[in-house]
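Note: the block below is start.pdb and it holds PDB, C-alpha atoms and all ligand atoms.
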ATOM      1  CA  MET A 314     189.996 157.608  86.113
ATOM      2  CA  GLN A 315     192.243 154.601  85.651
ATOM      3  CA  ARG A 316     189.239 152.310  85.848
ATOM      4  CA  ARG A 317     187.501 154.369  83.188
ATOM      5  CA  THR A 318     190.484 154.136  80.848
ATOM      6  CA  PHE A 319     190.841 150.396  81.405
ATOM      7  CA  LEU A 320     187.211 149.689  80.648
ATOM      8  CA  LYS A 321     187.234 151.832  77.548
ATOM      9  CA  ASN A 322     190.243 149.967  76.230
ATOM     10  CA  SER A 323     188.973 146.495  77.015
ATOM     11  CA  ALA A 324     185.430 146.871  75.652
ATOM     12  CA  THR A 325     184.875 145.717  72.090
ATOM     13  CA  GLY A 326     182.187 147.489  70.193
ATOM     14  CA  THR A 327     180.470 148.921  73.227
ATOM     15  CA  ALA A 328     182.747 151.823  74.009
ATOM     16  CA  GLY A 329     179.945 154.376  74.327
ATOM     17  CA  LEU A 330     177.909 152.081  76.460
ATOM     18  CA  VAL A 331     180.732 151.146  78.760
ATOM     19  CA  SER A 332     181.991 154.654  79.271
ATOM     20  CA  SER A 333     178.487 155.787  80.202
ATOM     21  CA  SER A 334     178.245 152.939  82.673
ATOM     22  CA  VAL A 335     181.535 153.884  84.200
ATOM     23  CA  LEU A 336     180.219 157.398  84.687
ATOM     24  CA  ALA A 337     177.356 155.784  86.556
ATOM     25  CA  SER A 338     179.729 153.947  88.846
ATOM     26  CA  CYS A 339     181.594 157.204  89.432
ATOM     27  CA  GLY A 340     178.381 158.704  90.789
ATOM     28  CA  GLU A 341     177.346 160.751  87.726
ATOM     29  CA  MET A 342     174.173 158.752  87.315
ATOM     30  CA  ASP A 343     171.975 161.335  85.619
ATOM     31  CA  LYS A 344     174.433 161.920  82.802
ATOM     32  CA  SER A 345     174.930 158.201  82.303
ATOM     33  CA  VAL A 346     171.209 157.538  81.995
ATOM     34  CA  LYS A 347     170.872 160.149  79.271
ATOM     35  CA  ALA A 348     173.858 158.659  77.487
ATOM     36  CA  LEU A 349     172.496 155.131  77.338
ATOM     37  CA  PRO A 350     171.916 153.904  73.802
ATOM     38  CA  GLN A 351     168.449 153.696  72.298
ATOM     39  CA  GLU A 352     168.584 149.898  72.040
ATOM     40  CA  MET A 353     168.757 149.673  75.792
ATOM     41  CA  GLU A 354     165.840 152.047  76.266
ATOM     42  CA  ASN A 355     163.795 149.490  74.399
ATOM     43  CA  VAL A 356     164.646 146.458  76.494
ATOM     44  CA  ARG A 357     164.810 147.685  80.039
ATOM     45  CA  PRO A 358     163.596 146.908  82.559
ATOM     46  CA  ILE A 359     164.201 143.188  82.372
ATOM     47  CA  VAL A 360     164.533 140.335  84.841
ATOM     48  CA  ILE A 361     166.039 136.912  84.262
ATOM     49  CA  CYS A 362     166.196 133.984  86.660
ATOM     50  CA  THR A 363     167.359 130.398  86.794
ATOM     51  CA  TRP A 364     164.694 127.740  86.214
ATOM     52  CA  ASP A 365     161.005 128.239  85.636
ATOM     53  CA  PHE A 366     160.365 130.422  88.655
ATOM     54  CA  HIS A 367     157.299 132.086  87.211
ATOM     55  CA  ASN A 368     155.981 133.658  90.406
ATOM     56  CA  ALA A 369     159.365 134.990  91.488
ATOM     57  CA  SER A 370     160.116 136.631  88.153
ATOM     58  CA  ALA A 371     156.563 138.021  88.006
ATOM     59  CA  LYS A 372     157.089 139.617  91.421
ATOM     60  CA  ALA A 373     160.393 141.145  90.321
ATOM     61  CA  TRP A 374     158.749 142.445  87.156
ATOM     62  CA  GLU A 375     155.997 144.065  89.227
ATOM     63  CA  VAL A 376     158.685 146.022  91.110
ATOM     64  CA  LEU A 377     160.574 146.937  87.933
ATOM     65  CA  LYS A 378     157.616 148.007  85.822
ATOM     66  CA  ASP A 379     156.538 150.452  88.507
ATOM     67  CA  GLY A 380     159.964 152.077  88.365
ATOM     68  CA  GLY A 381     161.495 150.184  91.290
ATOM     69  CA  SER A 382     165.205 149.490  91.532
ATOM     70  CA  SER A 383     166.840 146.303  90.285
ATOM     71  CA  LEU A 384     168.044 145.693  93.851
ATOM     72  CA  ASP A 385     164.504 145.765  95.276
ATOM     73  CA  ALA A 386     163.275 143.672  92.356
ATOM     74  CA  VAL A 387     165.721 140.811  92.858
ATOM     75  CA  GLU A 388     165.225 140.770  96.616
ATOM     76  CA  MET A 389     161.422 140.773  96.351
ATOM     77  CA  GLY A 390     161.531 138.272  93.520
ATOM     78  CA  VAL A 391     163.618 135.563  95.176
ATOM     79  CA  LYS A 392     161.750 136.005  98.469
ATOM     80  CA  VAL A 393     158.725 134.462  96.765
ATOM     81  CA  GLU A 394     160.622 131.185  96.448
ATOM     82  CA  GLU A 395     162.138 131.424  99.912
ATOM     83  CA  ALA A 396     158.605 131.571 101.326
ATOM     84  CA  ASP A 397     157.203 128.723  99.217
ATOM     85  CA  ILE A 398     157.155 125.601 101.385
ATOM     86  CA  GLU A 399     156.462 123.414  98.359
ATOM     87  CA  ASN A 400     159.834 124.385  96.944
ATOM     88  CA  GLN A 401     162.342 122.053  98.634
ATOM     89  CA  THR A 402     165.463 123.707  97.250
ATOM     90  CA  VAL A 403     165.158 127.253  98.611
ATOM     91  CA  GLY A 404     164.194 128.789 101.963
ATOM     92  CA  VAL A 405     161.492 127.311 104.223
ATOM     93  CA  GLY A 406     160.842 123.688 103.309
ATOM     94  CA  GLY A 407     164.333 123.223 101.877
ATOM     95  CA  ARG A 408     165.883 119.766 102.178
ATOM     96  CA  PRO A 409     168.137 119.480 105.234
ATOM     97  CA  ASP A 410     171.763 118.465 105.613
ATOM     98  CA  ARG A 411     172.552 114.876 106.538
ATOM     99  CA  ASP A 412     171.859 115.645 110.205
ATOM    100  CA  GLY A 413     168.364 116.933 109.467
ATOM    101  CA  LYS A 414     169.178 120.649 109.758
ATOM    102  CA  VAL A 415     168.039 123.086 107.066
ATOM    103  CA  THR A 416     170.875 125.519 106.438
ATOM    104  CA  LEU A 417     170.416 128.383 103.994
ATOM    105  CA  ASP A 418     172.873 130.295 101.798
ATOM    106  CA  ALA A 419     172.209 133.577  99.981
ATOM    107  CA  CYS A 420     173.935 136.602  98.520
ATOM    108  CA  ILE A 421     173.010 139.869  96.881
ATOM    109  CA  MET A 422     174.963 142.460  94.880
ATOM    110  CA  ASP A 423     174.067 145.989  93.819
ATOM    111  CA  LYS A 424     174.975 148.396  91.041
ATOM    112  CA  ASN A 425     177.886 149.846  92.994
ATOM    113  CA  GLY A 426     179.588 146.525  93.599
ATOM    114  CA  ASN A 427     178.362 146.355  97.183
ATOM    115  CA  CYS A 428     177.511 142.863  98.295
ATOM    116  CA  GLY A 429     176.301 140.863 101.265
ATOM    117  CA  ALA A 430     175.951 137.178 102.026
ATOM    118  CA  VAL A 431     174.830 134.726 104.658
ATOM    119  CA  LEU A 432     176.229 131.213 104.788
ATOM    120  CA  CYS A 433     174.888 128.111 106.475
ATOM    121  CA  MET A 434     172.241 130.048 108.392
ATOM    122  CA  GLN A 435     169.494 128.206 110.269
ATOM    123  CA  ASN A 436     166.050 129.217 111.533
ATOM    124  CA  ILE A 437     165.554 132.337 109.406
ATOM    125  CA  ALA A 438     163.090 132.259 106.526
ATOM    126  CA  HIS A 439     164.485 135.017 104.313
ATOM    127  CA  PRO A 440     168.258 134.750 103.991
ATOM    128  CA  ILE A 441     168.288 137.126 101.025
ATOM    129  CA  SER A 442     166.956 139.962 103.175
ATOM    130  CA  VAL A 443     169.523 139.192 105.855
ATOM    131  CA  ALA A 444     172.220 139.229 103.151
ATOM    132  CA  ARG A 445     170.991 142.653 102.066
ATOM    133  CA  MET A 446     171.203 143.875 105.655
ATOM    134  CA  VAL A 447     174.747 142.525 105.943
ATOM    135  CA  MET A 448     175.513 144.597 102.837
ATOM    136  CA  GLU A 449     173.753 147.742 103.973
ATOM    137  CA  GLU A 450     174.065 147.724 107.745
ATOM    138  CA  THR A 451     177.468 146.201 108.508
ATOM    139  CA  PRO A 452     181.075 146.782 107.457
ATOM    140  CA  HIS A 453     181.213 143.105 106.371
ATOM    141  CA  VAL A 454     180.335 141.071 103.304
ATOM    142  CA  MET A 455     179.651 137.616 104.767
ATOM    143  CA  LEU A 456     178.162 136.311 107.990
ATOM    144  CA  ALA A 457     178.046 132.581 108.667
ATOM    145  CA  GLY A 458     176.198 130.142 110.910
ATOM    146  CA  LYS A 459     175.233 131.254 114.414
ATOM    147  CA  GLY A 460     176.598 134.743 113.848
ATOM    148  CA  ALA A 461     174.370 135.229 110.817
ATOM    149  CA  GLU A 462     171.369 133.950 112.753
ATOM    150  CA  GLN A 463     172.141 136.194 115.714
ATOM    151  CA  PHE A 464     172.502 139.204 113.421
ATOM    152  CA  ALA A 465     169.174 138.385 111.755
ATOM    153  CA  MET A 466     167.393 138.167 115.117
ATOM    154  CA  GLU A 467     168.912 141.468 116.190
ATOM    155  CA  GLN A 468     167.552 142.997 112.988
ATOM    156  CA  GLY A 469     164.051 141.795 113.876
ATOM    157  CA  PHE A 470     163.764 138.575 111.865
ATOM    158  CA  ASN A 471     161.682 135.873 113.542
ATOM    159  CA  LYS A 472     162.978 132.449 114.421
ATOM    160  CA  THR A 473     161.297 129.974 112.066
ATOM    161  CA  ASP A 474     161.406 126.200 111.898
ATOM    162  CA  LEU A 475     162.565 125.623 108.317
ATOM    163  CA  LEU A 476     162.121 121.846 108.274
ATOM    164  CA  THR A 477     158.679 120.918 106.956
ATOM    165  CA  GLU A 478     157.035 117.546 107.573
ATOM    166  CA  LYS A 479     157.532 116.644 103.918
ATOM    167  CA  SER A 480     161.273 117.368 103.920
ATOM    168  CA  LYS A 481     161.664 115.649 107.289
ATOM    169  CA  LYS A 482     159.927 112.502 106.032
ATOM    170  CA  GLU A 483     162.139 112.377 102.927
ATOM    171  CA  TRP A 484     165.262 112.892 105.018
ATOM    172  CA  MET A 485     164.317 110.023 107.333
ATOM    173  CA  GLU A 486     163.813 107.842 104.291
ATOM    174  CA  TRP A 487     167.201 108.969 102.930
ATOM    175  CA  LYS A 488     168.890 108.036 106.219
ATOM    176  CA  LYS A 489     168.174 104.370 105.519
ATOM    177  CA  THR A 490     170.911 104.404 102.877
ATOM    178  CA  SER A 491     172.609 107.728 103.697
ATOM    179  CA  LYS A 492     174.057 107.930 100.203
ATOM    180  CA  TYR A 493     175.018 111.428  99.108
ATOM    181  CA  GLN A 494     174.047 111.532  95.468
ATOM    182  CA  PRO A 495     173.096 114.922  93.973
ATOM    183  CA  ILE A 496     170.162 114.489  91.604
ATOM    184  CA  ILE A 497     170.352 116.196  88.225
ATOM    185  CA  ASN A 498     167.590 118.796  87.693
ATOM    186  CA  ILE A 499     165.937 117.903  90.960
ATOM    187  CA  GLU A 500     162.249 118.950  90.810
ATOM    188  CA  ASN A 501     163.211 120.863  87.677
ATOM    189  CA  HIS A 502     164.050 123.813  89.789
ATOM    190  CA  ASP A 503     166.760 124.439  92.261
ATOM    191  CA  THR A 504     168.723 127.416  93.494
ATOM    192  CA  ILE A 505     167.173 130.647  92.344
ATOM    193  CA  GLY A 506     169.633 133.129  90.891
ATOM    194  CA  MET A 507     168.021 136.326  89.631
ATOM    195  CA  LEU A 508     169.479 139.261  87.677
ATOM    196  CA  ALA A 509     167.713 142.503  86.755
ATOM    197  CA  ILE A 510     168.174 145.796  84.951
ATOM    198  CA  ASP A 511     165.904 148.609  86.067
ATOM    199  CA  LYS A 512     164.580 151.582  84.137
ATOM    200  CA  ASN A 513     167.754 153.545  84.905
ATOM    201  CA  GLY A 514     169.845 150.819  83.325
ATOM    202  CA  ASP A 515     171.292 149.649  86.637
ATOM    203  CA  LEU A 516     171.998 146.006  87.373
ATOM    204  CA  ALA A 517     171.606 143.944  90.543
ATOM    205  CA  GLY A 518     171.506 140.246  91.373
ATOM    206  CA  ALA A 519     170.462 137.820  94.095
ATOM    207  CA  CYS A 520     171.004 134.131  94.688
ATOM    208  CA  THR A 521     169.434 131.946  97.394
ATOM    209  CA  THR A 522     169.349 128.218  98.153
ATOM    210  CA  SER A 523     169.103 125.491 100.763
ATOM    211  CA  GLY A 524     172.129 123.932  99.060
ATOM    212  CA  MET A 525     172.679 120.315  98.156
ATOM    213  CA  ALA A 526     170.278 117.948  99.902
ATOM    214  CA  TYR A 527     171.874 115.843 102.672
ATOM    215  CA  LYS A 528     175.207 117.667 102.456
ATOM    216  CA  LEU A 529     177.711 117.389 105.291
ATOM    217  CA  ALA A 530     176.960 119.703 108.200
ATOM    218  CA  GLY A 531     178.598 123.052 107.543
ATOM    219  CA  ARG A 532     178.897 122.590 103.792
ATOM    220  CA  VAL A 533     178.591 125.780 101.765
ATOM    221  CA  GLY A 534     178.302 125.786  97.978
ATOM    222  CA  ASP A 535     178.676 128.480  95.367
ATOM    223  CA  SER A 536     175.391 130.287  95.877
ATOM    224  CA  PRO A 537     176.407 132.721  98.647
ATOM    225  CA  ILE A 538     179.934 133.195  97.311
ATOM    226  CA  ILE A 539     180.337 136.438  95.419
ATOM    227  CA  GLY A 540     182.049 135.671  92.109
ATOM    228  CA  ALA A 541     181.007 132.009  92.159
ATOM    229  CA  GLY A 542     177.210 131.844  92.480
ATOM    230  CA  LEU A 543     176.656 135.490  91.553
ATOM    231  CA  PHE A 544     178.526 138.456  90.160
ATOM    232  CA  VAL A 545     177.360 141.877  89.040
ATOM    233  CA  ASP A 546     179.416 144.598  87.393
ATOM    234  CA  ASN A 547     177.209 147.528  86.484
ATOM    235  CA  ALA A 548     179.599 148.519  83.717
ATOM    236  CA  VAL A 549     179.400 145.159  81.972
ATOM    237  CA  GLY A 550     176.714 142.709  83.045
ATOM    238  CA  ALA A 551     175.828 140.035  85.572
ATOM    239  CA  ALA A 552     175.784 136.262  85.887
ATOM    240  CA  THR A 553     174.501 133.628  88.286
ATOM    241  CA  ALA A 554     174.629 129.862  88.637
ATOM    242  CA  THR A 555     172.744 126.769  89.699
ATOM    243  CA  GLY A 556     173.891 123.180  90.121
ATOM    244  CA  VAL A 557     176.702 121.440  91.970
ATOM    245  CA  GLY A 558     178.307 124.392  93.694
ATOM    246  CA  GLU A 559     181.710 122.855  94.270
ATOM    247  CA  GLU A 560     182.355 122.930  90.516
ATOM    248  CA  VAL A 561     181.199 126.528  90.182
ATOM    249  CA  VAL A 562     183.484 127.598  93.025
ATOM    250  CA  ARG A 563     186.459 125.884  91.359
ATOM    251  CA  THR A 564     186.105 128.090  88.296
ATOM    252  CA  VAL A 565     184.738 131.204  90.051
ATOM    253  CA  GLY A 566     182.019 130.802  87.434
ATOM    254  CA  SER A 567     179.916 133.952  87.609
ATOM    255  CA  PHE A 568     182.903 136.277  87.802
ATOM    256  CA  LEU A 569     184.446 134.463  84.861
ATOM    257  CA  ILE A 570     181.311 134.970  82.787
ATOM    258  CA  VAL A 571     181.152 138.695  83.536
ATOM    259  CA  GLU A 572     184.827 139.048  82.635
ATOM    260  CA  LEU A 573     184.230 137.186  79.366
ATOM    261  CA  MET A 574     181.434 139.644  78.572
ATOM    262  CA  ARG A 575     183.810 142.492  79.379
ATOM    263  CA  GLN A 576     186.141 141.081  76.737
ATOM    264  CA  GLY A 577     183.349 141.247  74.169
ATOM    265  CA  LYS A 578     181.540 137.917  74.399
ATOM    266  CA  SER A 579     177.754 137.929  74.324
ATOM    267  CA  PRO A 580     175.980 136.578  77.441
ATOM    268  CA  GLN A 581     175.276 133.358  75.533
ATOM    269  CA  GLU A 582     178.905 132.920  74.434
ATOM    270  CA  ALA A 583     180.146 133.740  77.918
ATOM    271  CA  CYS A 584     177.844 131.158  79.556
ATOM    272  CA  GLU A 585     178.983 128.528  77.062
ATOM    273  CA  GLU A 586     182.634 129.271  77.795
ATOM    274  CA  GLY A 587     181.932 129.176  81.550
ATOM    275  CA  VAL A 588     180.386 125.714  81.247
ATOM    276  CA  LYS A 589     183.269 124.556  79.028
ATOM    277  CA  ARG A 590     185.805 125.498  81.706
ATOM    278  CA  ILE A 591     183.982 123.207  84.134
ATOM    279  CA  ILE A 592     183.750 120.420  81.578
ATOM    280  CA  GLU A 593     187.497 120.598  80.893
ATOM    281  CA  LYS A 594     188.154 119.810  84.560
ATOM    282  CA  ASN A 595     185.647 116.953  84.687
ATOM    283  CA  ARG A 596     185.930 115.099  81.381
ATOM    284  CA  ASN A 597     185.746 111.679  83.042
ATOM    285  CA  LYS A 598     182.801 112.302  85.333
ATOM    286  CA  LEU A 599     180.225 114.542  83.758
ATOM    287  CA  ASP A 600     177.406 113.210  85.901
ATOM    288  CA  PHE A 601     176.271 116.508  87.378
ATOM    289  CA  GLN A 602     174.399 119.613  86.346
ATOM    290  CA  ILE A 603     175.565 123.221  86.201
ATOM    291  CA  GLY A 604     173.527 125.995  84.628
ATOM    292  CA  PHE A 605     174.617 129.598  84.121
ATOM    293  CA  ILE A 606     172.556 132.594  83.070
ATOM    294  CA  ALA A 607     173.846 136.048  82.181
ATOM    295  CA  ILE A 608     172.719 139.480  81.085
ATOM    296  CA  ASN A 609     174.709 142.380  79.676
ATOM    297  CA  LYS A 610     174.158 146.118  79.857
ATOM    298  CA  LYS A 611     172.366 146.053  76.508
ATOM    299  CA  GLY A 612     169.771 143.743  78.023
ATOM    300  CA  GLU A 613     170.924 140.750  75.970
ATOM    301  CA  THR A 614     170.561 137.491  77.866
ATOM    302  CA  GLY A 615     171.929 133.970  77.643
ATOM    303  CA  GLY A 616     172.018 130.629  79.396
ATOM    304  CA  TYR A 617     173.885 127.364  79.060
ATOM    305  CA  CYS A 618     174.220 124.152  81.042
ATOM    306  CA  ILE A 619     175.844 120.713  81.051
ATOM    307  CA  GLN A 620     172.821 118.402  81.054
ATOM    308  CA  PRO A 621     169.569 118.878  79.165
ATOM    309  CA  GLY A 622     166.596 120.072  81.191
ATOM    310  CA  PHE A 623     167.712 123.441  82.533
ATOM    311  CA  THR A 624     165.476 126.414  81.737
ATOM    312  CA  TYR A 625     165.571 130.095  82.648
ATOM    313  CA  ARG A 626     162.877 132.714  82.738
ATOM    314  CA  THR A 627     162.977 136.203  81.279
ATOM    315  CA  PHE A 628     160.363 138.841  81.973
ATOM    316  CA  SER A 629     160.326 142.158  80.113
ATOM    317  CA  LYS A 630     158.056 144.328  77.996
ATOM    318  CA  ALA A 631     158.578 141.721  75.300
ATOM    319  CA  GLY A 632     156.787 139.146  77.444
ATOM    320  CA  HIS A 633     157.261 136.415  79.960
ATOM    321  CA  VAL A 634     159.207 133.483  78.597
ATOM    322  CA  ASN A 635     160.560 130.223  79.979
ATOM    323  CA  ASN A 636     163.630 129.591  77.820
ATOM    324  CA  PRO A 637     164.933 126.046  77.402
ATOM    325  CA  SER A 638     168.695 126.290  77.748
ATOM    326  CA  ASP A 639     171.070 124.696  75.275
ATOM    327  CA  SER A 640     173.246 122.080  76.920
ATOM    328  CA  TYR A 641     176.697 120.569  76.356
ATOM    329  CA  ILE A 642     175.260 117.053  76.563
ATOM    330  CA  THR A 643     172.314 116.872  74.259
ATOM    331  CA  SER A 644     170.684 113.544  75.064
TER     332      SER A 644
HETATM  333  N1  LIG A 701     174.336 125.627  93.738
HETATM  334  C1  LIG A 701     173.710 125.127  94.923
HETATM  335  C2  LIG A 701     174.767 124.617  95.875
HETATM  336  O1  LIG A 701     175.736 124.037  95.436
HETATM  337  C3  LIG A 701     172.714 124.054  94.729
HETATM  338  C4  LIG A 701     171.973 123.992  93.462
HETATM  339  O2  LIG A 701     171.887 124.952  92.714
HETATM  340  O3  LIG A 701     171.422 122.923  93.199
HETATM  341  O4  LIG A 701     174.564 124.722  97.052
END
Can you turn what I pasted into structure tokens?
Ligand code: ASP
Amino acid sequence: MQRRTFLKNSATGTAGLVSSSVLASCGEMDKSVKALPQEMENVRPIVICTWDFHNASAKAWEVLKDGGSSLDAVEMGVKVEEADIENQTVGVGGRPDRDGKVTLDACIMDKNGNCGAVLCMQNIAHPISVARMVMEETPHVMLAGKGAEQFAMEQGFNKTDLLTEKSKKEWMEWKKTSKYQPIINIENHDTIGMLAIDKNGDLAGACTTSGMAYKLAGRVGDSPIIGAGLFVDNAVGAATATGVGEEVVRTVGSFLIVELMRQGKSPQEACEEGVKRIIEKNRNKLDFQIGFIAINKKGETGGYCIQPGFTYRTFSKAGHVNNPSDSYITS
């Protein structure tokens, strides 16, 4: 009841919407669906993801358009990239750490605020599905390293060699200089963060990555950290991030963006403010990329980044669009 009162008071201009969402989170889902405003009926379902991940968003859309849940949609969607060995930033084929080991990070969050994550996990091809199992099958939120791998094997996941010949060759080349230098907009895609609203108006999100290429062994970025790489609040909206994770962690970026939306900012305004917070802390060395995307309960979306070149995909009844993101630095 307190939560309901707080949300009602803090929402600007979306009181009806927010109170119906709160009913949803209190378990009165049927009533809340009927109470959703007409404008939302028109936009949902919708999926949005970082970068131009056409196949992943198409897969998520397939789940959503057939009435599937946002949680299934984001899991199925990002799995497409985890399985793609040509993609060297996510899942199998990802670039290794400086010791030649591919370590994967992923997290997932549902409409009820449940979440699961795996950190620095080796030898398992679909970290997002393991993260979902951590959420659904254990009393925990995060499993890391060997423990995550052991849990995955116990759940029936196969041991897979994640290092492809291509990534191995590049790593051996890199070892000649061994200079850790994150590349801006590497391959023009990177971590995949995906957010979705399903036909019931419920939000979920997923985020999965092989992390920064040639990182120190054991390094974990923002992507599997709830609040940093991903945050979902079914009463308000959701956000996710890509780019140099250390900077996103320092500002708890995705949580910040959802809170800004709660205070009345649009997804676009909230992403811009999120990026600005990072810029304020890094005025003298803006040589890295961060991109945020966000969606609110109305189905409005937004994205913003530091460097030019970031794009994000939206897929809804309105069509399938790769949106060039506005950036703080424009040339
Ligand atoms: N955010 C990811 C990390 O820091 C990497 C990326 O998106 O490029 O691990």
Return as a ChimeraX atom specification every polymer residue, whether protein, DNA or RNA, with at least one atom no more than 6 Å from an atom of ligand LIG 701 (chain A); count all atoms listed in the file. /A:503-504,524-525,534-536,555-558
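With only C-alpha atoms as the atoms that count, the minimum distance from Arg626 (chain A) to the choices A:Gly506, A:Tyr641, A:Ser383, A:Gln581 is reached by A:Gly506.
Take the candidates A:Val391, A:Ile591, A:Ile606, A:Ala583 and check each one against Phe623 (chain A) using only C-alpha atoms; the shortest distance goes to A:Ile606.
Among the candidate residues A:Leu384, A:Ala554, A:Ile570, A:Ala396, the one lying nearest to Glu449 (chain A) is A:Leu384, with distances computed using all atoms listed in the file.
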Determine the residue set returned by the PyMOL selection byres (((chain A and resi 616-619) around 6) and not hetatm) for the present structure, and present it as a ChimeraX atom specification. /A:581,584-585,602-606,615,620,638-642
Evaluate the PyMOL selection byres (((chain A and resi 412) around 10) and not hetatm) against this structure - the residues, as a CSV table (one decimal) with C-alpha atoms, in the frame of the given file, please.
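part_2.csv written:
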chain,number,residue,atom,x,y,z
A,409,PRO,CA,168.1,119.5,105.2
A,410,ASP,CA,171.8,118.5,105.6
A,411,ARG,CA,172.6,114.9,106.5
A,413,GLY,CA,168.4,116.9,109.5
A,414,LYS,CA,169.2,120.6,109.8
A,415,VAL,CA,168.0,123.1,107.1
A,484,TRP,CA,165.3,112.9,105.0
A,485,MET,CA,164.3,110.0,107.3
A,488,LYS,CA,168.9,108.0,106.2
A,527,TYR,CA,171.9,115.8,102.7
A,528,LYS,CA,175.2,117.7,102.5
A,529,LEU,CA,177.7,117.4,105.3
A,530,ALA,CA,177.0,119.7,108.2
